[in-house]
Amino acid sequence: MTKGVTKIMKILYLITKPDRGGAQTNVLALATGLSAQGHQVTVGTGHQGWLTQELNMDFVIFKHLHRSLNPLSGIFYIFELRRFLNQNHFDLVHFHSSNSLIGVLGALGLADKPKTVATIHGLSILHPGWKKLHLIKTVYARVMKFLLKYFDRVIFVCAADKKFALNFQLVKPEQARMIYNGIDPNIKFLSRSD
């Protein structure tokens with residue numbers, strides 16, 4: 001490769017819900033920006049919605065990617081994603097919602113294993129002010145710690161969440177990165193009258 005030439009990457013972004021929100025806006029900005037640079041970008045989500053309508057690129061619906069307490073749903077999603085990765089050979093898979101994280105298990109042991117990145121958009125369930133049963137917090141923390149160990153990198157958009165995750169050993173220091181959400185200066189924001 002000649003100096004100054006960037007390798008074109010094949011990237012898959014995963015997010016559970018395509019409804020308008022901060023994480024979805026972040027995925028849209030990243031996917032659009034990298035696509036404009038010539039990378040092959042696909043977005044995967046659990047159903048169609050705001051994000052899939054805003055995308056001007058490929059997207060895929062994973063029918064088992066949704067919020068559910070049913071462990072079978074998660075297992076079906078792992079195999080659904082694994083089959084998709086085997087057929088499409090991505091360089092990078094970037095997970096953007098806690099429900100999507102379990103999919104990292106589908107990438108394990110692949111002959112053409114992609115790099116995996118998780119962006120943590122919040123750890124509210126684990127914070128001391130969250131009024132949930134201690135048992136729920138404990139289970140959530142153990143599941144998060146188990147899943148996050150399989151990621152090559154874990155990105156935090158909030159310094160407090162990164163510090164919290166490191167203090168509670170949810171991630172290893174060498175995995176954790178802090179990247180604040182950016183703002184596209186060309187985006188049309190709602191006015192007070194809208």
# chains A, B, ... in the order shown; residues from 1 in each chain; ligands from 1

call {"tool": "select_by_dssp", "arguments": {"residues": "chain A", "states": "strand (DSSP E)", "output": "VMD selection string"}}
result
chain A and resid 10 to 14 40 to 45 58 to 61 92 to 95 115 to 120 153 to 156 176 to 178

call {"tool": "closest_atom_pairs", "arguments": {"of": "stretch 8-52 of chain A", "to": "stretch 59-82 of chain A", "cutoff": "12 Å", "atoms": "only C-alpha atoms", "output": "JSON lines"}}
result
{"residue": "A:Ile11", "atom": "CA", "partner": "A:Phe59", "partner_atom": "CA", "distance": 11.4}
{"residue": "A:Leu12", "atom": "CA", "partner": "A:Phe59", "partner_atom": "CA", "distance": 9.1}
{"residue": "A:Tyr13", "atom": "CA", "partner": "A:Phe59", "partner_atom": "CA", "distance": 9.2}
{"residue": "A:Leu14", "atom": "CA", "partner": "A:Leu65", "partner_atom": "CA", "distance": 9.2}
{"residue": "A:Ile15", "atom": "CA", "partner": "A:Leu65", "partner_atom": "CA", "distance": 8.4}
{"residue": "A:Thr16", "atom": "CA", "partner": "A:His66", "partner_atom": "CA", "distance": 5.6}
{"residue": "A:Lys17", "atom": "CA", "partner": "A:His66", "partner_atom": "CA", "distance": 7.2}
{"residue": "A:Pro18", "atom": "CA", "partner": "A:Ile61", "partner_atom": "CA", "distance": 10.2}
{"residue": "A:Val27", "atom": "CA", "partner": "A:Phe59", "partner_atom": "CA", "distance": 12.0}
{"residue": "A:Leu28", "atom": "CA", "partner": "A:Phe59", "partner_atom": "CA", "distance": 11.4}
{"residue": "A:Ala31", "atom": "CA", "partner": "A:Phe59", "partner_atom": "CA", "distance": 10.6}
{"residue": "A:Gln40", "atom": "CA", "partner": "A:Phe59", "partner_atom": "CA", "distance": 11.4}
{"residue": "A:Val41", "atom": "CA", "partner": "A:Phe59", "partner_atom": "CA", "distance": 8.6}
{"residue": "A:Thr42", "atom": "CA", "partner": "A:Phe59", "partner_atom": "CA", "distance": 5.2}
{"residue": "A:Val43", "atom": "CA", "partner": "A:Phe59", "partner_atom": "CA", "distance": 4.6}
{"residue": "A:Gly44", "atom": "CA", "partner": "A:Val60", "partner_atom": "CA", "distance": 4.7}
{"residue": "A:Thr45", "atom": "CA", "partner": "A:Ile61", "partner_atom": "CA", "distance": 5.2}
{"residue": "A:Gly46", "atom": "CA", "partner": "A:Leu65", "partner_atom": "CA", "distance": 4.7}
{"residue": "A:His47", "atom": "CA", "partner": "A:Ile61", "partner_atom": "CA", "distance": 5.6}
{"residue": "A:Gln48", "atom": "CA", "partner": "A:Ile61", "partner_atom": "CA", "distance": 7.3}
{"residue": "A:Gly49", "atom": "CA", "partner": "A:Ile61", "partner_atom": "CA", "distance": 10.7}
{"residue": "A:Leu51", "atom": "CA", "partner": "A:Phe59", "partner_atom": "CA", "distance": 9.6}
{"residue": "A:Thr52", "atom": "CA", "partner": "A:Phe59", "partner_atom": "CA", "distance": 6.9}

call {"tool": "select_by_dssp", "arguments": {"residues": "stretch 53-117 of chain A", "states": "helix (DSSP H, G or I)", "output": "PyMOL selection string"}}
result
chain A and resi 53-54+71-88+101-107

call {"tool": "write_last_selection", "arguments": {"atoms": "C-alpha atoms", "output": "PDB file, in the first residue's frame"}}
result
ATOM      1  CA  GLN A  53     -35.240   5.807   6.736  1.00  0.00           C
ATOM      2  CA  GLU A  54     -32.369   8.285   7.134  1.00  0.00           C
ATOM      3  CA  PRO A  71     -32.496 -16.085  26.636  1.00  0.00           C
ATOM      4  CA  LEU A  72     -33.588 -17.977  23.504  1.00  0.00           C
ATOM      5  CA  SER A  73     -33.984 -14.675  21.678  1.00  0.00           C
ATOM      6  CA  GLY A  74     -30.348 -13.813  22.428  1.00  0.00           C
ATOM      7  CA  ILE A  75     -29.145 -17.242  21.320  1.00  0.00           C
ATOM      8  CA  PHE A  76     -31.078 -16.978  18.048  1.00  0.00           C
ATOM      9  CA  TYR A  77     -29.561 -13.497  17.469  1.00  0.00           C
ATOM     10  CA  ILE A  78     -26.019 -14.853  18.052  1.00  0.00           C
ATOM     11  CA  PHE A  79     -26.507 -17.537  15.393  1.00  0.00           C
ATOM     12  CA  GLU A  80     -28.297 -15.139  13.037  1.00  0.00           C
ATOM     13  CA  LEU A  81     -25.384 -12.687  13.246  1.00  0.00           C
ATOM     14  CA  ARG A  82     -22.773 -15.458  12.959  1.00  0.00           C
ATOM     15  CA  ARG A  83     -24.393 -16.733   9.750  1.00  0.00           C
ATOM     16  CA  PHE A  84     -24.460 -13.165   8.364  1.00  0.00           C
ATOM     17  CA  LEU A  85     -20.780 -12.579   9.247  1.00  0.00           C
ATOM     18  CA  ASN A  86     -19.769 -15.875   7.639  1.00  0.00           C
ATOM     19  CA  GLN A  87     -21.498 -14.857   4.412  1.00  0.00           C
ATOM     20  CA  ASN A  88     -20.260 -11.243   4.302  1.00  0.00           C
ATOM     21  CA  LEU A 101     -23.477  -6.754  22.583  1.00  0.00           C
ATOM     22  CA  ILE A 102     -24.303 -10.450  22.945  1.00  0.00           C
ATOM     23  CA  GLY A 103     -23.698 -10.709  19.197  1.00  0.00           C
ATOM     24  CA  VAL A 104     -19.948 -10.552  19.855  1.00  0.00           C
ATOM     25  CA  LEU A 105     -20.237 -14.247  20.758  1.00  0.00           C
ATOM     26  CA  GLY A 106     -21.305 -14.899  17.165  1.00  0.00           C
ATOM     27  CA  ALA A 107     -17.991 -13.516  15.903  1.00  0.00           C
TER      28      ALA A 107
END

call {"tool": "closest_residue", "arguments": {"among": "A:Ile120, A:Thr32, A:Val93, A:Trp50", "to": "A:Tyr180", "atoms": "only C-alpha atoms"}}
result
A:Ile120

call {"tool": "atom_distance", "arguments": {"atom1": "atom CA of A:Ser97", "atom2": "atom CA of A:Gln24"}}
result
9.4 Å

call {"tool": "residues_around", "arguments": {"residues": "A:Gln37", "least_positions_apart": "2", "cutoff": "12 Å", "atoms": "only C-alpha atoms", "output": "VMD selection string"}}
result
chain A and resid 5 to 10 30 to 35 39 to 41

call {"tool": "residues_around", "arguments": {"residues": "A:His94", "least_positions_apart": "2", "cutoff": "6 Å", "atoms": "only C-alpha atoms", "output": "PyMOL selection string"}}
result
chain A and resi 13+116-118

call {"tool": "write_last_selection", "arguments": {"atoms": "C-alpha atoms", "output": "short mmCIF file (atom, residue, chain, number, x, y, z; two decimals), in the first residue's frame"}}
result
data_model
loop_
_atom_site.label_atom_id
_atom_site.label_comp_id
_atom_site.auth_asym_id
_atom_site.auth_seq_id
_atom_site.Cartn_x
_atom_site.Cartn_y
_atom_site.Cartn_z
CA TYR A 13 -22.76 -1.16 12.64
CA THR A 116 -15.02 -5.88 17.28
CA VAL A 117 -15.78 -2.56 18.94
CA ALA A 118 -18.50 -1.68 21.46
#
